[in-house]
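Okay, structure first, notes after.
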Amino acid sequence: MNLHLIDALIIGAYLTATIAIGFWISKRASRSIRNYFLGGNQIPWYVLGVSDASGMFDVSGTMWMVYLLFVYGLKSIWIPWLWPVFNQIILMVFLSTWLRRSGVMTGAEWIRFRFGEGRGARLAHLVVIVFALLNVIGFLAYAFIGIGKFASTFLPWALSADPTTNAKLWGLVLIAITTVYVAKGGMFSVVFTEILQFSIMTVASISVGVLVMRQVSPETLNQFIPAGWRSPWFGRTLDLDWTRLMPAVNQRIATDGWTMFSAFWGMLLFKGLLQAGAGPAPNYDMQRILSTRSPKDAAKMNGLVNIVLLIPRYMLITGLTVLALAHFSPQLRAMGENVDFELVLPLAMRSFIPTGLLGLLIAALLAAFMSNFAATVNAAPAYIVNDIYKRYIRPEADQRTLVRMSYVSAVAVVVVGTAIGLFVGSLNTMVQWIVSALYGGYTASNLLKWYWWRFNAYGYFWGMAAGIAAAALVPLMLPNVAPIFAFPAVLALSLVGCIAGTLLTPPDDAEVLERFYLRVRPWGFWRPVHARLAQTHPGLIANTAFKRDMFNVAVGIVWQTALTATGIFIVLRDTRSLMISASLVVVTTAILKLTWYDKLEDYPADLAVVDAHRVAPEPEALAATAP
C-alpha cells in the first residue's frame with residue numbers, strides 16, 4: 001500500500017515522540033526498582049486509569065472485536081465476557097481496594113503476604129511466577145500476531161514477497177521499537193507514553209465514527225446484514241443466517257462453536273463471575289492497581305477505565321465494521337471459504353479512510369499495539385527480577401543492578417513471546433486458549449485465596465499446578481470442543497488440586513492469616529480468624545459489605561454493557577436503542593455514586609496494627625485511621 005506523504009509524516013512523528021518520551025523519562029525510572037515497576041506509587045489515579053484503558057485498547061483486540069461485530073452483530077457485546085471484561089467491575093467495587101492494601105510490588109510478592117514464608121508458601125510463590133510468565137508470553141504472542149497482520153497491510157515497504165512472512169517481519173520490527181522504550185523507561189515510560197497514545201486513539205476513534213455516520217445510512221447497511229444482526233437479544237440458538245449474503249460466515253460461526261448461544265452466554269456469565277472474583281491475573285492490570293497511591297485510588301482507577309475506554313473504542317469498532325459491510329462485502333464474499341475475517345479492520349481502513357485521518361488512525365492503532373505490548377512487557381521483569389533474581393539469586397544486589405536486570409528480562413520475554421507467535425496463525429485461537437484454558441487453570445486457586453481462611457499455600461500450589469497442566473492437556477484431549485465449553489473440565493481439575501492440597505496439609509501459620517485479615521479485611525469464610533483477633537483487638541469490625549458489593553457488581557455489569565452498546569448505537573444511528581442504553585448509563589451511574597463511590601474507604605476504620613515486615617501502602621493514611 002502506498003501511503004500519502006501526510007499520513008507517513010503523522011506516523012513518523014508519533015513513533016519519534018513515543019521513543020523520545022521513553023528515553024526522556026528513563027532517568028526517573030532508573031532511581032530504584034520500585035520506581036521502575038510501580039512509578040514510586042506517585043502517579044495519580046486518573047493518570048493510571050487512562051494508562052490502563054490505553055493498555056486495553058490493543059490492536060489485536062480491536063481486530064478481533066471488529067470480526068466479532070461483523071459476524072455476530074449486536075450479539076457480540078456479550079462475547080468479550082470471555083476475558084471477562086466485567087473483571088473491571090469487580091475490581092472497581094471491592095477487589096482493587098483489597099489488593100492495594102497489601103502494599104506489595106507483584107502478584108508473586110502478594111502470595112507471600114497471604115501465605116507467609118514456609119515451604120508451601122515458597123512453592124505457591126514459584127507457581128504464580130510460572131503462571132505470570134506464561135500469561136505474559138501468551139499475550140505477547142497474541143500481540144505479535146495482530147500487529148503483523150495490521151502492519152503488513154498498511155506500511156508501504158514489503159519486507160518479503162510472501163504475505164505471511166511479510167506480516168511476521170513487520171511484527172518483529174515494531175516489537176523491537178516498542179521493547180526499546182519500555183525496557184529503558186519502565187512504568188514511568190509506559191504510563192506517560194500511554195497518555196499520548198490514548199489521546200491519539202480517542203481522537204481517531206471518534207473521527208472514524210463520525211465519518212461513517214455521514215457516509216453510510218442505516219438503510220444502506222440493512223442491505224448487507226441478516227435479520228437479527230441489529231439486536232443484542234437471542235434465543236436458544238444464535239438465529240443469524242448469513243446464507244444469502246455471505247455463506248462463509250455461517251461456517252465461521254460453526255467453527256467458533258457458539259451456535260447454541262444461550263448455553264454459550266450462560267457459560268460466559270458462569271466463567272466470568274468466577275474468574276473476575278479470583279482477582280486480576282498477574283499482568284499489567286494488577287501492576288496498575290499496585291502502582292496507585294492508595295486503596296481508594298485503586299478502586300477509582302478501575303472505574304475510570306470503563307468511562308474513558310468503552311464508547312470511543314466501540315465507535316471505532318462499529319465504524320470500521322460498517323465500512324467493511326457496506327463497501328467490502330462483495331470482495332469478502334468472493335474469497336469464499338478462505339476469507340480471513342481478522343483482516344476486516346485493515347481492509348476497511350485501507351479502502352475507505354481519507355488521507356490525514358488514515359495516518360492518524362494508523363498511528364492510533366500502532367499506539368494501541370505499543371500501549372498494550374508495553375504494559376505487558378513491563379509486567380514480566382517484575383517477576384523475574386523482584387521474585388526470582390532478588391529473592392533467590394542476589395538478595396544483596398543494588399538498585400542499579402536490579403534495573404539493569406530488568407532491561408535484560410524485558411528483552412528475554414519479548415523474544416520468547418515472539419517466537420511462539422511465529423507459529424500461531426489465528427488471533428481467535430490465541431484469545432480462546434488464554435481466556436478459557438489458561439485462565440481456567442488460574443481461577444480456582446485465586447478465588448479461594450480471598451474468601452476461605454483454611455485454604456493454604458499447598459492448596460494454592462497444587463491447584464495452580466493442576467490448572468496449568470489442565471490448560472495444556474484438556475484442549476488436546478477435547479480438540480473438537482470450543483475452549484469455553486472445556487472450561488469446567490480445567491476448573492474441576494484445578495479445584496481437586498486445591499481441596500486435596502489444603503485438606504491433606506496443616507493450616508497456614510495463624511500469625512500470617514491474622515496479619516492478612518487485619519490489613520485486607522475481606523468478607524467470606526474468615527470467622528475463626530476474626531474470632532482469634534477479636535480477643536486481642538476489642539471492637540474489631542468484620543466486613544459486612546457482601547450484599548452491597550454483589551448489588552454493585554450487578555449494577556456495574558449493566559452499566560458497563562450499556563456503555564458498550566451506546567458506542568455502537570451512536571454509529572448505527574439507532575435512536576431508540578441509543579436512548580435506552582444512554583438512560584441505563586445515567587441511572588446506573590447515579591446508583592453507583594450512592595452505593596459504591598460514596599462508600600469507598602482506604603483502610604478499615606478500626607485498623608490498629610501495621611505489619612512491620614511489609615512496605616505499608618500509605619503510612620500516613622494508616623496512622624490517621626488507627627485508634
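Residues are named by chain letter and number: chains run A, B, ... in the order of the C-alpha cells, numbers start at 1 in each chain, and ligands are numbered from 1 in the order shown.
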
Practice problem: Determine which residues of segment 175-261 of chain A DSSP labels as helix (DSSP H, G or I) from the backbone of this structure, then write them out as a ChimeraX atom specification. | Solution: /A:175-215,218-222,247-256,261

Self-check item: Shell around Ile147 of chain A at 7 Å using only C-alpha atoms, local window under 5 positions removed, as number ranges by chain
Solution: A: 59-60, 171, 369

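Reported to one decimal place, the separation of atom CA of Asp52 of chain A from atom CA of Gly356 of chain A is 27.4 Å.
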
Quiz item: Which of these residues is nearest to Phe487 of chain A, using only C-alpha atoms: A:Arg576, A:His125, A:Lys271, A:Arg230?
Solution: A:Lys271

I'd like a table as JSON lines: residues in segment 198-263 of chain A with an atom no more than 12 Å from segment 306-310 of chain A, each row giving the shortest atom pair and its distance in Å to one decimal, only C-alpha atoms counted, sorted by chain and rising residue number.
```
{"residue": "A:Phe198", "atom": "CA", "partner": "A:Leu309", "partner_atom": "CA", "distance": 9.0}
{"residue": "A:Ser199", "atom": "CA", "partner": "A:Val308", "partner_atom": "CA", "distance": 10.5}
{"residue": "A:Met201", "atom": "CA", "partner": "A:Leu309", "partner_atom": "CA", "distance": 9.9}
{"residue": "A:Thr202", "atom": "CA", "partner": "A:Leu309", "partner_atom": "CA", "distance": 8.4}
{"residue": "A:Ser205", "atom": "CA", "partner": "A:Leu309", "partner_atom": "CA", "distance": 10.6}
{"residue": "A:Ile206", "atom": "CA", "partner": "A:Leu310", "partner_atom": "CA", "distance": 11.6}
```

Quiz item: If you count only C-alpha atoms, which residues fall within 12 Å of Val587 of chain A, apart from same-chain ones fewer than 5 positions away, as a ChimeraX atom specification?
Solution: /A:555-556,558-559,562-563,580-582,592-594

Self-check item: Among the residues A:Leu3, A:Val553, A:Ile137, A:Val512, the one that comes closest to Gly303 of chain A [using only C-alpha atoms]
Solution: A:Val553

Quiz item: Pick the closest to Ala326 of chain A from A:Asn166, A:Ser445, A:Gln275, A:Gln223: which is it, counting only C-alpha atoms?
Solution: A:Gln223

Exercise. Select, from A:Ala492, A:Ala299, A:Val481, A:Leu448, the residue with the minimum atom-to-atom distance to Gly524 of chain A, counting only C-alpha atoms.
Key: A:Leu448

Quiz item: If we count only C-alpha atoms, what is near Phe328 of chain A at a cut-off of 12 Å, once residues fewer than 3 positions away on the same chain are taken out, given as number ranges by chain?
Solution: A: 70, 221, 224, 246, 320-325, 331-335, 341, 343-352

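The residue that comes closest to Leu518 of chain A, out of A:Leu600, A:Met92, A:Ala605, A:Val191 and on the basis of only C-alpha atoms, is A:Ala605.
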
Exercise. Excluding Leu238 of chain A and residues on its chain fewer than 6 positions from it, collect all residues at most 9 Å away from it, counting only C-alpha atoms, and give them as an NGL selection string.
Key: :A and (72 or 75 or 258-262)

Exercise. Point out the residue among A:Val212, A:Val47, A:Ala298, A:Leu290 with the least atom-to-atom distance to Gln88 of chain A, counting only C-alpha atoms.
Key: A:Ala298
